[in-house]
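This is work_5.txt. It holds compact mmCIF, C-alpha atoms.
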# COMPACT_ATOMS: atom_id res chain seq x y z
CA MET A 10 -0.22 6.66 -8.02
CA LEU A 11 2.69 4.52 -6.93
CA TYR A 12 1.22 1.06 -7.10
CA PHE A 13 -0.77 -0.94 -9.59
CA THR A 14 -2.89 -3.53 -7.85
CA PHE A 15 -4.23 -5.70 -10.68
CA PHE A 16 -1.93 -8.55 -9.76
CA ASP A 17 -2.73 -9.25 -6.13
CA GLY A 18 -3.24 -12.94 -6.85
CA GLY A 19 -5.79 -13.05 -4.04
CA ASN A 20 -8.13 -15.42 -5.86
CA MET A 21 -5.33 -17.95 -6.20
CA THR A 22 -5.23 -18.64 -2.46
CA PRO A 23 -7.55 -21.43 -1.34
CA ALA A 24 -10.05 -20.36 1.30
CA SER A 25 -8.96 -23.26 3.51
CA GLY A 26 -5.52 -21.74 4.12
CA LEU A 27 -2.18 -21.00 2.55
CA GLU A 28 -1.04 -23.53 -0.02
CA ALA A 29 1.86 -23.12 -2.42
CA ILE A 30 0.64 -25.85 -4.78
CA VAL A 31 -1.74 -24.77 -7.52
CA LYS A 32 -3.03 -26.45 -10.67
CA PRO A 33 -0.46 -25.27 -13.24
CA GLU A 34 -2.85 -24.89 -16.17
CA THR A 35 -5.52 -23.04 -14.18
CA TYR A 36 -2.83 -20.87 -12.62
CA ARG A 37 -1.36 -19.95 -16.02
CA GLN A 38 -4.80 -19.12 -17.39
CA GLU A 39 -5.53 -16.82 -14.43
CA LEU A 40 -2.22 -15.01 -14.85
CA THR A 41 -2.72 -14.66 -18.61
CA THR A 42 -6.17 -13.17 -18.07
CA LYS A 43 -4.85 -10.67 -15.52
CA ARG A 44 -2.01 -9.69 -17.84
CA THR A 45 -4.44 -9.17 -20.73
CA ASP A 46 -6.59 -6.98 -18.47
CA LYS A 47 -3.55 -4.96 -17.44
CA ASP A 48 -2.55 -4.41 -21.08
CA GLN A 49 -6.06 -3.14 -21.77
CA PHE A 50 -5.79 -0.76 -18.81
CA MET A 51 -2.39 0.51 -19.95
CA ARG A 52 -3.66 1.01 -23.49
CA THR A 53 -6.95 2.78 -22.72
CA ASN A 54 -7.18 4.16 -19.19
CA GLY A 55 -6.52 7.83 -18.45
CA GLU A 56 -4.50 6.83 -15.36
CA SER A 57 -2.14 4.68 -17.41
CA PRO A 58 1.50 5.87 -17.36
CA ILE A 59 1.92 5.01 -21.05
CA GLN A 60 2.16 8.29 -22.92
CA ASP A 61 1.87 7.05 -26.52
CA LYS A 62 -0.99 4.61 -26.13
CA SER A 63 -1.54 4.27 -29.87
CA SER A 64 1.78 2.47 -30.32
CA PHE A 65 1.57 0.44 -27.12
CA ASP A 66 1.50 -3.26 -27.98
CA GLY A 67 1.50 -4.74 -24.49
CA LEU A 68 3.84 -5.44 -21.61
CA ILE A 69 6.24 -8.35 -21.70
CA TYR A 70 6.58 -11.06 -19.09
CA PHE A 71 8.43 -14.17 -18.11
CA SER A 72 6.30 -17.26 -18.66
CA PRO A 73 4.12 -18.14 -15.65
CA ASP A 74 6.00 -20.52 -13.38
CA PRO A 75 4.31 -21.89 -10.24
CA THR A 76 7.71 -22.64 -8.67
CA TYR A 77 8.05 -18.88 -8.10
CA ARG A 78 4.95 -18.95 -5.88
CA VAL A 79 6.32 -19.69 -2.42
CA ILE A 80 5.17 -19.80 1.17
CA ALA A 81 7.35 -17.61 3.36
CA ARG A 82 7.80 -17.71 7.12
CA LEU A 83 7.17 -14.29 8.62
CA GLU A 84 9.47 -12.78 11.23
CA PRO A 85 7.47 -9.85 12.63
CA PHE A 86 9.09 -6.94 14.38
CA ALA A 87 8.76 -6.93 18.16
CA ASP A 88 8.35 -3.16 17.99
CA LYS A 89 5.23 -2.63 15.88
CA THR A 90 6.04 1.06 15.42
CA GLN A 91 9.27 0.58 13.46
CA LYS A 92 9.44 2.78 10.38
CA LEU A 93 11.50 2.75 7.20
CA VAL A 94 12.37 5.88 5.26
CA VAL A 95 12.18 4.93 1.59
CA GLY A 96 13.91 7.01 -1.06
CA MET A 97 11.83 7.91 -4.11
CA SER A 98 12.93 8.07 -7.73
CA ASP A 99 12.56 11.87 -7.72
CA GLY A 100 14.80 12.33 -4.67
CA SER A 101 11.98 12.72 -2.16
CA GLU A 102 11.23 10.28 0.67
CA GLU A 103 8.26 8.38 2.07
CA VAL A 104 7.87 6.67 5.41
CA TYR A 105 6.65 3.07 5.49
CA GLU A 106 5.86 0.76 8.37
CA LYS A 107 8.15 -2.25 8.75
CA PHE A 108 5.73 -5.17 8.83
CA ALA A 109 7.93 -8.31 8.87
CA HIS A 110 10.78 -10.12 7.22
CA ALA A 111 9.73 -12.93 4.89
CA VAL A 112 12.02 -15.96 4.89
CA PHE A 113 11.59 -18.44 2.05
CA SER A 114 13.37 -20.93 -0.19
CA LEU A 115 13.88 -20.32 -3.90
CA ASP A 116 16.27 -22.07 -6.25
CA GLY A 117 17.29 -24.30 -3.36
CA GLU A 118 18.53 -21.38 -1.26
CA ALA A 119 17.12 -19.48 1.70
CA HIS A 120 16.27 -15.82 1.14
CA ARG A 121 14.97 -12.96 3.27
CA LEU A 122 13.02 -9.88 2.17
CA LEU A 123 11.48 -7.01 4.10
CA ILE A 124 7.73 -6.51 3.81
CA VAL A 125 6.62 -2.90 4.27
CA LYS A 126 3.18 -1.47 4.82
CA LEU A 127 1.70 1.81 3.61
CA ALA A 128 -1.92 2.44 4.58
CA ASN A 129 -3.53 -0.99 4.02
CA THR A 130 -1.06 -2.17 1.39
CA TYR A 131 1.61 -4.78 2.16
CA SER A 132 4.48 -4.64 -0.34
CA ILE A 133 7.86 -6.09 -1.15
CA LEU A 134 10.13 -3.72 -3.07
CA PHE A 135 13.03 -5.73 -4.45
CA ARG A 136 15.85 -6.04 -6.92
CA ASP A 137 17.44 -9.23 -8.20
CA ALA A 138 20.04 -10.37 -10.71
CA THR A 139 17.72 -9.52 -13.62
CA SER A 140 17.42 -5.85 -12.56
CA GLY A 141 18.78 -3.53 -15.21
CA LYS A 142 19.00 -6.42 -17.68
CA GLU A 143 15.75 -8.24 -18.33
CA THR A 144 13.78 -6.23 -15.77
CA TYR A 145 13.57 -2.60 -14.68
CA GLY A 146 16.80 -1.37 -13.09
CA GLY A 147 14.95 0.49 -10.36
CA GLY A 148 13.46 -2.72 -9.06
CA ARG A 149 10.06 -4.36 -9.06
CA TYR A 150 7.20 -4.64 -6.59
CA ILE A 151 5.00 -7.41 -5.24
CA GLU A 152 1.84 -6.59 -3.35
CA LEU A 153 0.55 -9.07 -0.80
CA ASP A 154 -3.17 -9.39 -0.43
CA PRO A 155 -4.10 -9.59 3.28
CA GLY A 156 -5.80 -12.88 2.37
CA GLN A 157 -2.35 -14.24 1.47
CA ILE A 158 -1.09 -13.56 5.00
CA SER A 159 -2.03 -16.05 7.70
CA GLY A 160 -0.48 -15.92 11.14
CA SER A 161 3.24 -16.48 10.71
CA GLN A 162 3.12 -17.25 6.97
CA ALA A 163 2.50 -15.47 3.69
CA ILE A 164 2.34 -16.42 0.04
CA ILE A 165 4.80 -14.54 -2.14
CA ASP A 166 4.15 -14.91 -5.85
CA PHE A 167 7.00 -13.55 -7.94
CA ASN A 168 4.89 -14.13 -11.07
CA THR A 169 2.95 -11.04 -9.96
CA ALA A 170 6.07 -8.84 -9.70
CA TYR A 171 5.53 -5.65 -11.65
CA ASN A 172 7.33 -2.48 -12.66
CA PRO A 173 6.51 0.86 -11.05
CA TYR A 174 4.86 3.56 -13.12
CA CYS A 175 8.10 5.58 -13.22
CA ALA A 176 9.56 2.82 -15.42
CA TYR A 177 7.19 4.01 -18.14
CA ASN A 178 6.77 7.68 -17.35
CA PRO A 179 9.32 9.95 -15.58
CA ARG A 180 6.52 12.14 -14.23
CA TYR A 181 5.81 9.49 -11.62
CA ALA A 182 7.82 9.19 -8.40
CA CYS A 183 8.28 5.61 -7.23
CA PRO A 184 9.77 4.08 -4.08
CA LEU A 185 13.18 2.47 -4.43
CA PRO A 186 13.83 -0.94 -2.86
CA PRO A 187 15.78 -0.85 0.41
CA ALA A 188 19.36 -2.14 0.19
CA GLU A 189 18.52 -5.29 2.13
CA ASN A 190 15.96 -6.31 -0.49
CA LYS A 191 18.44 -7.27 -3.17
CA LEU A 192 18.36 -10.93 -4.18
CA LEU A 193 21.53 -12.34 -5.68
CA ILE A 194 19.59 -14.86 -7.76
CA ALA A 195 17.82 -14.10 -11.04
CA VAL A 196 14.07 -14.07 -10.47
CA LYS A 197 12.83 -14.98 -13.93
CA ALA A 198 9.19 -14.38 -13.11
CA GLY A 199 6.78 -11.49 -13.44
CA GLU A 200 7.05 -8.40 -15.56
CA LYS A 201 10.04 -7.77 -17.81
CA TYR A 202 11.00 -4.31 -19.02
CA THR A 203 11.21 -2.44 -22.27
CA ALA A 204 10.84 1.31 -22.47
CA HIS A 205 7.43 2.64 -23.53
CA GLU A 206 6.69 6.24 -24.31
Encoded form using structure tokens:
Amino acid sequence: MLYFTFFDGGNMTPASGLEAIVKPETYRQELTTKRTDKDQFMRTNGESPIQDKSSFDGLIYFSPDPTYRVIARLEPFADKTQKLVVGMSDGSEEVYEKFAHAVFSLDGEAHRLLIVKLANTYSILFRDATSGKETYGGGRYIELDPGQISGSQAIIDFNTAYNPYCAYNPRYACPLPPAENKLLIAVKAGEKYTAHE
């Protein structure tokens, strides 16, 4: 298993369309509930990558911050068959579809990230200035629920950024972010990193 899909954020998107503005308190409560559920999964589920579950006391996160939930403009590829060979943490490779580039504003600057698709999963694999410091050095992932994609726009919620399973267990092989998906800013949102056995 390469992805953990608890944090799709799909229920945070109003049915009427894409909106970046959410009620901060409701939003924080939803994120806190999802994070509590994920801790329970990591602590008890047989598919959890945590090896020593008895000493696991929960994942750590940046505080929920709605300003890291942005609407991005999508720049789709004219050639819908474009592929991306993604290197894996164990030295192997996987082939992803290139879905679109997402262009958005964060910290007052414009940024651009590649969205890839594998089966029915739309993902952003990225690194930022926190990688290897406050967050996992191999990068983090965001999964986009299809309900968060509408025409030429998508909601990207960095509060849902999470570490791959290989961050917690070397038996897992995880995709590495492409070079173009490195943000120079520090994205202080989503999952932080401390080693767990």
- Using only C-alpha atoms, which of A:Pro73, A:Glu106, A:Gly160, A:Ala111 sits nearest A:Gln38? A:Pro73
- Can you list, as a list in words, every protein, DNA or RNA residue that comes within 10 Å of A:Pro155 when you count all atoms listed in the file, leaving out same-chain residues fewer than 2 positions away? Asp17, Gly19, Asn129, Thr130, Tyr131, Glu152, Leu153, Gln157, Ile158, Ser159, Ala163 and Ile164 of chain A
Residues of stretch 28-130 of chain A that have any atom at most 10 Å from an atom of stretch 169-174 of chain A: could you tabulate them with the shortest-distance atom pair and the distance in Å to one decimal, using only C-alpha atoms, ordered by chain and increasing number, as a tab-separated table?
residue	atom	partner	partner_atom	distance
A:Leu40	CA	A:Thr169	CA	8.1
A:Lys43	CA	A:Thr169	CA	9.6
A:Arg44	CA	A:Thr169	CA	9.4
A:Ser57	CA	A:Tyr174	CA	8.3
A:Pro58	CA	A:Tyr174	CA	5.9
A:Ile59	CA	A:Tyr174	CA	8.6
A:Tyr70	CA	A:Tyr171	CA	9.3
A:Pro73	CA	A:Thr169	CA	9.2
A:Tyr77	CA	A:Thr169	CA	9.5
A:Arg78	CA	A:Thr169	CA	9.1
- Task: Compare A:Ala138, A:Ile133, A:Leu192, A:Leu185 by their minimum atom-to-atom distance to A:His120, counting all atoms listed in the file, and give me the closest one.
- Result: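 Result for the nearest residue to A:His120: A:Leu192.
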- Using only C-alpha atoms, the residue out of A:Arg149, A:Lys47, A:Lys126, A:Lys32 with shortest distance to A:Gln91 is A:Lys126
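Distances to A:Ser161 were evaluated for A:Glu84, A:Glu102, A:Asp48, A:Asp116 using only C-alpha atoms, and the minimum falls at A:Glu84.
In this structure, atom CA of A:Gly199 sits 23.6 Å away from atom CA of A:Arg180.
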- Task: Identify which of the residues A:Ser63, A:Asn168, A:Thr53, A:Thr139 lies closest to A:Ile194, counting all atoms listed in the file when measuring atom-to-atom distances.
- Result: A:Thr139
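Candidate residues A:Cys183, A:Leu93, A:Ile69, A:Ala81 were compared for distance to A:Ala198, and the nearest is A:Ile69, using only C-alpha atoms.
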All heavy atoms are what I want for stretch 191-202 of chain A; can you complete it accordingly and write them as a PDB file, keeping the file's coordinate frame?
ATOM      1  N   LYS A 191      17.812  -6.922  -1.908  1.00  0.00           N
ATOM      2  CA  LYS A 191      18.440  -7.270  -3.170  1.00  0.00           C
ATOM      3  C   LYS A 191      18.761  -8.764  -3.159  1.00  0.00           C
ATOM      4  O   LYS A 191      19.556  -9.238  -2.340  1.00  0.00           O
ATOM      5  CB  LYS A 191      19.728  -6.477  -3.407  1.00  0.00           C
ATOM      6  CG  LYS A 191      20.369  -6.797  -4.754  1.00  0.00           C
ATOM      7  CD  LYS A 191      21.566  -5.918  -5.052  1.00  0.00           C
ATOM      8  CE  LYS A 191      22.143  -6.243  -6.422  1.00  0.00           C
ATOM      9  NZ  LYS A 191      23.318  -5.401  -6.740  1.00  0.00           N
ATOM     10  N   LEU A 192      18.107  -9.502  -4.053  1.00  0.00           N
ATOM     11  CA  LEU A 192      18.360 -10.930  -4.180  1.00  0.00           C
ATOM     12  C   LEU A 192      19.507 -11.163  -5.156  1.00  0.00           C
ATOM     13  O   LEU A 192      19.566 -10.531  -6.210  1.00  0.00           O
ATOM     14  CB  LEU A 192      17.101 -11.645  -4.675  1.00  0.00           C
ATOM     15  CG  LEU A 192      15.876 -11.570  -3.765  1.00  0.00           C
ATOM     16  CD1 LEU A 192      14.658 -12.171  -4.452  1.00  0.00           C
ATOM     17  CD2 LEU A 192      16.143 -12.277  -2.441  1.00  0.00           C
ATOM     18  N   LEU A 193      20.389 -12.060  -4.809  1.00  0.00           N
ATOM     19  CA  LEU A 193      21.530 -12.340  -5.680  1.00  0.00           C
ATOM     20  C   LEU A 193      21.161 -13.278  -6.818  1.00  0.00           C
ATOM     21  O   LEU A 193      21.892 -13.379  -7.801  1.00  0.00           O
ATOM     22  CB  LEU A 193      22.680 -12.939  -4.854  1.00  0.00           C
ATOM     23  CG  LEU A 193      23.236 -12.028  -3.753  1.00  0.00           C
ATOM     24  CD1 LEU A 193      24.357 -12.725  -3.007  1.00  0.00           C
ATOM     25  CD2 LEU A 193      23.713 -10.699  -4.331  1.00  0.00           C
ATOM     26  N   ILE A 194      20.038 -13.952  -6.702  1.00  0.00           N
ATOM     27  CA  ILE A 194      19.590 -14.860  -7.760  1.00  0.00           C
ATOM     28  C   ILE A 194      18.805 -14.081  -8.817  1.00  0.00           C
ATOM     29  O   ILE A 194      18.360 -12.956  -8.581  1.00  0.00           O
ATOM     30  CB  ILE A 194      18.727 -15.993  -7.197  1.00  0.00           C
ATOM     31  CG1 ILE A 194      17.451 -15.427  -6.555  1.00  0.00           C
ATOM     32  CG2 ILE A 194      19.514 -16.844  -6.220  1.00  0.00           C
ATOM     33  CD1 ILE A 194      16.425 -16.485  -6.204  1.00  0.00           C
ATOM     34  N   ALA A 195      18.634 -14.695  -9.975  1.00  0.00           N
ATOM     35  CA  ALA A 195      17.820 -14.100 -11.040  1.00  0.00           C
ATOM     36  C   ALA A 195      16.393 -14.616 -10.888  1.00  0.00           C
ATOM     37  O   ALA A 195      16.153 -15.817 -10.990  1.00  0.00           O
ATOM     38  CB  ALA A 195      18.378 -14.486 -12.405  1.00  0.00           C
ATOM     39  N   VAL A 196      15.474 -13.708 -10.612  1.00  0.00           N
ATOM     40  CA  VAL A 196      14.070 -14.070 -10.470  1.00  0.00           C
ATOM     41  C   VAL A 196      13.406 -13.918 -11.835  1.00  0.00           C
ATOM     42  O   VAL A 196      12.956 -12.826 -12.212  1.00  0.00           O
ATOM     43  CB  VAL A 196      13.367 -13.205  -9.402  1.00  0.00           C
ATOM     44  CG1 VAL A 196      11.890 -13.563  -9.302  1.00  0.00           C
ATOM     45  CG2 VAL A 196      14.053 -13.370  -8.052  1.00  0.00           C
ATOM     46  N   LYS A 197      13.374 -15.012 -12.571  1.00  0.00           N
ATOM     47  CA  LYS A 197      12.830 -14.980 -13.930  1.00  0.00           C
ATOM     48  C   LYS A 197      11.326 -15.243 -13.879  1.00  0.00           C
ATOM     49  O   LYS A 197      10.831 -16.281 -14.341  1.00  0.00           O
ATOM     50  CB  LYS A 197      13.571 -15.978 -14.820  1.00  0.00           C
ATOM     51  CG  LYS A 197      15.033 -15.587 -15.061  1.00  0.00           C
ATOM     52  CD  LYS A 197      15.732 -16.565 -15.976  1.00  0.00           C
ATOM     53  CE  LYS A 197      17.146 -16.123 -16.267  1.00  0.00           C
ATOM     54  NZ  LYS A 197      17.222 -14.885 -17.084  1.00  0.00           N
ATOM     55  N   ALA A 198      10.634 -14.301 -13.274  1.00  0.00           N
ATOM     56  CA  ALA A 198       9.190 -14.380 -13.110  1.00  0.00           C
ATOM     57  C   ALA A 198       8.642 -12.963 -13.050  1.00  0.00           C
ATOM     58  O   ALA A 198       9.341 -12.035 -12.630  1.00  0.00           O
ATOM     59  CB  ALA A 198       8.824 -15.143 -11.840  1.00  0.00           C
ATOM     60  N   GLY A 199       7.404 -12.807 -13.494  1.00  0.00           N
ATOM     61  CA  GLY A 199       6.780 -11.490 -13.440  1.00  0.00           C
ATOM     62  C   GLY A 199       7.063 -10.650 -14.667  1.00  0.00           C
ATOM     63  O   GLY A 199       7.385 -11.155 -15.745  1.00  0.00           O
ATOM     64  N   GLU A 200       6.960  -9.343 -14.458  1.00  0.00           N
ATOM     65  CA  GLU A 200       7.050  -8.400 -15.560  1.00  0.00           C
ATOM     66  C   GLU A 200       8.500  -8.131 -15.957  1.00  0.00           C
ATOM     67  O   GLU A 200       9.358  -7.900 -15.111  1.00  0.00           O
ATOM     68  CB  GLU A 200       6.376  -7.083 -15.136  1.00  0.00           C
ATOM     69  CG  GLU A 200       6.041  -6.146 -16.259  1.00  0.00           C
ATOM     70  CD  GLU A 200       5.184  -4.972 -15.780  1.00  0.00           C
ATOM     71  OE1 GLU A 200       4.215  -5.204 -15.034  1.00  0.00           O
ATOM     72  OE2 GLU A 200       5.502  -3.827 -16.154  1.00  0.00           O
ATOM     73  N   LYS A 201       8.751  -8.189 -17.261  1.00  0.00           N
ATOM     74  CA  LYS A 201      10.040  -7.770 -17.810  1.00  0.00           C
ATOM     75  C   LYS A 201       9.979  -6.270 -18.097  1.00  0.00           C
ATOM     76  O   LYS A 201       9.013  -5.598 -17.724  1.00  0.00           O
ATOM     77  CB  LYS A 201      10.354  -8.542 -19.095  1.00  0.00           C
ATOM     78  CG  LYS A 201      10.571 -10.036 -18.906  1.00  0.00           C
ATOM     79  CD  LYS A 201      10.966 -10.675 -20.241  1.00  0.00           C
ATOM     80  CE  LYS A 201      11.201 -12.156 -20.130  1.00  0.00           C
ATOM     81  NZ  LYS A 201      11.610 -12.754 -21.414  1.00  0.00           N
ATOM     82  N   TYR A 202      10.995  -5.747 -18.763  1.00  0.00           N
ATOM     83  CA  TYR A 202      11.000  -4.310 -19.020  1.00  0.00           C
ATOM     84  C   TYR A 202      11.527  -3.960 -20.398  1.00  0.00           C
ATOM     85  O   TYR A 202      12.592  -4.416 -20.805  1.00  0.00           O
ATOM     86  CB  TYR A 202      11.854  -3.571 -17.983  1.00  0.00           C
ATOM     87  CG  TYR A 202      11.915  -2.078 -18.238  1.00  0.00           C
ATOM     88  CD1 TYR A 202      10.791  -1.288 -18.068  1.00  0.00           C
ATOM     89  CD2 TYR A 202      13.094  -1.476 -18.674  1.00  0.00           C
ATOM     90  CE1 TYR A 202      10.832   0.078 -18.316  1.00  0.00           C
ATOM     91  CE2 TYR A 202      13.150  -0.111 -18.908  1.00  0.00           C
ATOM     92  CZ  TYR A 202      12.017   0.657 -18.736  1.00  0.00           C
ATOM     93  OH  TYR A 202      12.054   2.003 -18.972  1.00  0.00           O
TER      94      TYR A 202
END
